[in-house]
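Written below as structure tokens is the structure these notes are about.
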Amino acid sequence: MSATLTQDLVAADISLSGVSRIYELGDEKIHALRDLTLDIRQGEFVAIKGPSGSGKSTLANVIGGLDTPNEGRIVVGGLDFSKANDKQLSHYRSKTIGFVFQSFNLQAHSTVLENVLLPLVIAGVDRKTRMARAKECLELMGLSDRADQATNKLSGGQRQRVSIARALANWPQIIIADEPTGNLDQANGQNVIEHLTKLNRELNITLILITHDADVANKAPRILEIVDGNVTDRKSA
Amino acid sequence: MKLRDQLVMARRNLKRAKGRTRLTLVSIVIGSFAVICVLTITFTANKAMSDYFEKTGLLYSIDISSTGSKMIDQALIDKVAALPGVQSVSPDVYLWFYETVKYGDKAANSFQSKAQSANGTTKQSIVAGRDLTEADTGPMVLVSRDIANVLTDKNPESLVNQQITFMTNTNYMGPEQKPENCDYQTNVCKSIEVTATVVGINEGQRTILFPLQYGIDQSSMIYYNKVPDCRGFQETATARCENGFIIDTHNQVLDNGFNTLRIRAQSGDVIAGIGQALTSQFNMRDQKDLSTEAGDYSFMIGQDMLKEALKAFRVVSLGLLAVGGISLLVSAIGVINTMLMATLERTREIGVMRAIGATNKDVKRIFTVEAALLGFMGGVWGLLFASAIIIGLGTKFATQLGDSGVPIDVPTLVTTGLIPSSIVIVLTTVIGILSGVLPARRAARKDPVESLRYE
């Protein structure tokens, strides 16, 4: 692992207390998260599993600062979300979090390199540094030879690795992977999980893995199971 | 996010939807093209008009004409010349009897022959040869370039020091006319040829200038009356009887006065004072002042003529600009539509951008910069097209315009018209920014979670 990948790493412990997220669908109120209290320490590998619609992605989104809970308090690395403005939350998503999505969410018409550069461009990193960093991330994911290729020419496994490289770009302390293997075959899924666990192991990056696949979840030392918005710690390291 | 990166991103995003971008650009290009053309013509024409007035001295001149009750005679000329602030005066005599001018086998019609003082009251832009001087009193002429071009097949310099021939009309009974050429019942005479030497070529328009004295001399008309014999005829100062003809001589200028009188002021500052003196001392009326009663004379101040001309031109320009403005307004609607479609199409991308750290402001700026870039590119293309057309037409017609005395050439079109008109690029960019505000705001307000789920 390259030295630059470890830069700026400071503890980003996650603390959720009494967090509820309620969606309103007409007159109906849906409790995606119910009075959820949870702590995740820097460097942990946590799998969040549960059936479809149980609130897994909502939990990932509130931890990632993309969604705002109706009740409760979330503090990550000292940043209290309830007191943070858009700029602070965006900075948090840029610098602390790396998202990996099930459907990759890559820019299809852009090259692999351009996709990985995007978070660095948004963060305002200078040209030379961001180019070096993007190449470093691609090398880490074994995609150096694909840098100039359009992402829509890649296989699903390769696209997800581009997505991980993009998530890594800004030296995050936490990676939230929402069903990263959901669109992949078993071999490619396995490969992606290996890459993610390697990052957790070698770089002490907190890995929050959302999955409904028990086999994938079982690779994590700690599993949080969500059912109807309630969370249960099933296994601890 | 750095502005340079936003520009790169905007360019890339616009290239993604090439067809739509081109269509939107076309509407901006049409609008900016129209506005640039109108502004270029307006700026250049204003400059050309002002330069023409400056160059010919019209800017510092006052033209006086009689309203009929009193004539412009030498006494009036002397008094006007003595007014404070007057640098020089020059009366005009129209030589109305020269119908055609010929040189070799070439001929020109439709020109104005007039005589005036060569004392600098009206400045001449000499192209070849020399200007008339006060020492010139005989048949010597300064020919405008357009006529010289006709007479020499576009080699006007070759006319200098050459003799040209004027054909008189049938009413000419001046000093050169012979009695036997005329029908004494009707006073209609044969056309005769009068020669003159060309001393120079100027930039005037369809004009041939003679020395003032020559004009006065040629205005002396002789009327013949055939009588059985001269016995008992009493000679007068103007009439005598010879060989059965009563010869009655009348100088039209001395009897009826000069056609017009031009004053050249020492500077622009004294013109108003001269105008006041003309009104109070000679019962003259300023033509721009329609409310006053008709006086013995009327006068027109050159600066007012320029102002009137520019005002009329401004009205036409504003009308044309309004048409260009409507085109730009339509293009603004096109930009809004394009950007709204882009925000919808890129909903998921907006979600990803938010997930990887873009602030609301970043998203807003990405779309605003994109709209601004559309406006900027439209303005630039509009300028390029307008430049090509204007320079092309300017190159083609510059000679004709130059011959007519209007100093419009390609460098003038570029420096006076196109360069200041390029401000339109700023206008189209601002229109782009304003058109992008609504779509950009809508994009920035999108919920990131909903955006990421968008199919």
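Scheme for the structure tokens: letters A, B, ... for chains in order shown; per-chain residue numbers from 1; ligand numbers from 1 in order shown.
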Discussion item. Give me the residues near region 36-46 of chain B as a PyMOL selection string, where near means some atom within 9 Å (using only C-alpha atoms) and where sequence neighbours in that chain fewer than 4 positions away do not count.
Written reply: chain B and resi 31-32+50-51+310+313-314+317-318+320-321+324+382-383+386-387+389-390+406+408+412-424
Item to complete: Taking the DSSP assignment computed from this structure's backbone, write out as a PyMOL selection string all residues of region 293-384 of chain B that belong to strand (DSSP E).
Response: chain B and resi 297-301
Worksheet item: When the cut-off is 6 Å and we count only C-alpha atoms, which residues of chain B are near chain A, given as a PyMOL selection string?
Response: chain B and resi 1-2+356-359
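Picture a line from CA of Gln42 (chain A) to CA of Leu16 (chain A); it runs 14.0 Å.
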Those of region 9-194 of chain A in DSSP alpha helix (DSSP H), formatted as an mmCIF file with C-alpha atoms, in the first residue's frame:
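And here is the file that came out, states.cif:
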```cif
data_model
loop_
_atom_site.group_PDB
_atom_site.id
_atom_site.type_symbol
_atom_site.label_atom_id
_atom_site.label_comp_id
_atom_site.auth_asym_id
_atom_site.auth_seq_id
_atom_site.Cartn_x
_atom_site.Cartn_y
_atom_site.Cartn_z
ATOM 1 C CA LYS A 56 -30.323 -0.799 5.531
ATOM 2 C CA SER A 57 -29.808 1.825 2.830
ATOM 3 C CA THR A 58 -31.488 4.490 4.961
ATOM 4 C CA LEU A 59 -28.988 3.730 7.734
ATOM 5 C CA ALA A 60 -26.147 3.970 5.230
ATOM 6 C CA ASN A 61 -27.497 7.254 3.914
ATOM 7 C CA VAL A 62 -27.875 8.884 7.344
ATOM 8 C CA ILE A 63 -24.360 7.769 8.351
ATOM 9 C CA ASP A 86 -24.560 21.889 3.822
ATOM 10 C CA LYS A 87 -20.943 22.911 3.351
ATOM 11 C CA GLN A 88 -19.763 20.974 6.414
ATOM 12 C CA LEU A 89 -21.775 17.883 5.476
ATOM 13 C CA SER A 90 -20.503 18.055 1.895
ATOM 14 C CA HIS A 91 -16.947 18.381 3.170
ATOM 15 C CA TYR A 92 -17.608 15.347 5.381
ATOM 16 C CA ARG A 93 -18.892 13.339 2.399
ATOM 17 C CA SER A 94 -15.915 14.484 0.382
ATOM 18 C CA LYS A 95 -13.165 13.859 2.893
ATOM 19 C CA VAL A 112 -12.073 5.281 -15.849
ATOM 20 C CA LEU A 113 -9.514 7.916 -14.886
ATOM 21 C CA GLU A 114 -12.027 10.769 -15.226
ATOM 22 C CA ASN A 115 -14.444 8.947 -12.919
ATOM 23 C CA VAL A 116 -11.818 8.524 -10.260
ATOM 24 C CA LEU A 117 -10.713 12.123 -10.658
ATOM 25 C CA LEU A 118 -14.231 13.473 -10.078
ATOM 26 C CA PRO A 119 -14.217 13.529 -6.235
ATOM 27 C CA LEU A 120 -10.769 15.142 -6.311
ATOM 28 C CA VAL A 121 -11.975 17.773 -8.795
ATOM 29 C CA ILE A 122 -14.972 18.539 -6.580
ATOM 30 C CA ARG A 127 -4.155 18.982 -11.015
ATOM 31 C CA LYS A 128 -0.835 17.294 -10.348
ATOM 32 C CA THR A 129 -1.823 15.841 -6.981
ATOM 33 C CA ARG A 130 -5.189 14.582 -8.148
ATOM 34 C CA MET A 131 -3.741 12.919 -11.212
ATOM 35 C CA ALA A 132 -1.160 11.114 -9.093
ATOM 36 C CA ARG A 133 -3.778 10.147 -6.541
ATOM 37 C CA ALA A 134 -6.265 8.863 -9.113
ATOM 38 C CA LYS A 135 -3.576 6.719 -10.738
ATOM 39 C CA GLU A 136 -2.576 5.437 -7.326
ATOM 40 C CA CYS A 137 -6.169 4.398 -6.578
ATOM 41 C CA LEU A 138 -6.510 2.695 -9.952
ATOM 42 C CA GLU A 139 -3.256 0.823 -9.376
ATOM 43 C CA LEU A 140 -4.579 -0.315 -6.021
ATOM 44 C CA GLY A 156 -19.442 -5.320 -13.962
ATOM 45 C CA GLY A 157 -16.599 -6.368 -11.645
ATOM 46 C CA GLN A 158 -14.256 -3.861 -13.220
ATOM 47 C CA ARG A 159 -16.872 -1.108 -12.951
ATOM 48 C CA GLN A 160 -17.322 -1.823 -9.261
ATOM 49 C CA ARG A 161 -13.581 -1.642 -8.755
ATOM 50 C CA VAL A 162 -13.608 1.747 -10.518
ATOM 51 C CA SER A 163 -16.351 2.717 -8.091
ATOM 52 C CA ILE A 164 -14.159 1.646 -5.142
ATOM 53 C CA ALA A 165 -11.211 3.564 -6.615
ATOM 54 C CA ARG A 166 -13.440 6.638 -6.843
ATOM 55 C CA ALA A 167 -14.574 6.134 -3.223
ATOM 56 C CA LEU A 168 -10.926 5.950 -2.165
ATOM 57 C CA GLN A 186 -20.090 -14.676 -7.527
ATOM 58 C CA ALA A 187 -16.483 -14.510 -8.701
ATOM 59 C CA ASN A 188 -16.560 -10.797 -9.318
ATOM 60 C CA GLY A 189 -18.482 -10.240 -6.079
ATOM 61 C CA GLN A 190 -15.842 -12.168 -4.191
ATOM 62 C CA ASN A 191 -13.107 -10.105 -5.802
ATOM 63 C CA VAL A 192 -14.790 -6.826 -4.871
ATOM 64 C CA ILE A 193 -15.289 -7.926 -1.252
ATOM 65 C CA GLU A 194 -11.635 -8.907 -1.086
#
```
Item to complete: Would you mind telling me which residue in A:Ala220, A:Ile205, A:Ala108, A:Ala32 lies nearest to Ser52 (chain A) when using only C-alpha atoms?
Response: A:Ala32
Worksheet item: Ile164 (chain B): which residues within 9 Å, counting only C-alpha atoms, same-chain residues fewer than 6 positions away excluded, as a ChimeraX atom specification?
Response: /B:101-104,194-198
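CA of Ala444 (chain B) is positioned 12.5 Å from CA of Val352 (chain B).
Residue nearest Ser144 (chain B) within the list B:Gly174, B:Gly232, B:Gly85, B:Gly204: B:Gly204 [criterion: smallest interatomic distance, only C-alpha atoms].
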Item to complete: May I have the residues within 10 Å of Ile216 (chain B) as an NGL selection string, using only C-alpha atoms and disregarding those fewer than 3 positions away in the same chain?
Response: :B and (92-95 or 115-116 or 137 or 211-213 or 219-220 or 251-254 or 258)
File of the preceding selection, C-alpha atoms, as an mmCIF file, in the first residue's frame:
```cif
data_model
loop_
_atom_site.group_PDB
_atom_site.id
_atom_site.type_symbol
_atom_site.label_atom_id
_atom_site.label_comp_id
_atom_site.auth_asym_id
_atom_site.auth_seq_id
_atom_site.Cartn_x
_atom_site.Cartn_y
_atom_site.Cartn_z
ATOM 1 C CA ASP B 92 -22.364 79.453 -52.925
ATOM 2 C CA VAL B 93 -23.323 79.946 -56.531
ATOM 3 C CA TYR B 94 -25.058 77.053 -58.268
ATOM 4 C CA LEU B 95 -24.050 76.665 -61.889
ATOM 5 C CA ALA B 115 -18.782 77.869 -57.116
ATOM 6 C CA GLN B 116 -17.555 78.849 -53.682
ATOM 7 C CA THR B 137 -10.706 82.782 -60.997
ATOM 8 C CA PRO B 211 -13.832 79.334 -58.149
ATOM 9 C CA LEU B 212 -16.366 81.779 -56.759
ATOM 10 C CA GLN B 213 -15.502 84.525 -59.204
ATOM 11 C CA SER B 219 -24.161 83.818 -63.850
ATOM 12 C CA SER B 220 -24.235 86.853 -66.092
ATOM 13 C CA ASN B 251 -26.125 88.874 -63.433
ATOM 14 C CA GLN B 252 -28.302 86.469 -61.459
ATOM 15 C CA VAL B 253 -26.019 86.544 -58.463
ATOM 16 C CA LEU B 254 -25.665 90.297 -58.259
ATOM 17 C CA PHE B 258 -26.156 84.220 -53.643
#
```
Fill in: Selection: 9 Å around Gly77 (chain A), only C-alpha atoms, excl. self and same-chain fewer than 3 positions, as a VMD selection string
chain A and resid 10 to 15 42 80 96
Worksheet item: Which distance in Å separates CA of Leu132 (chain B) and CA of Asp255 (chain B), to one decimal?
Response: 25.9 Å
Worksheet item: Skipping near chain neighbours, those fewer than 2 positions away, what residues fall within 6 Å of region 167-169 of chain B using only C-alpha atoms, listed as a VMD selection string?
Response: chain B and resid 97 to 100 171 to 172 191 to 193
Worksheet item: Gly53 (chain A): which residues within 12 Å, counting only C-alpha atoms, same-chain residues fewer than 2 positions away excluded, as a list in words?
Response: Ile30, His31, Ala32, Leu33, Lys49, Gly50, Pro51, Gly55, Lys56, Ser57, Thr58, Leu59, Thr211, His212, Ile226, Val227, Asp228 and Gly229 of chain A
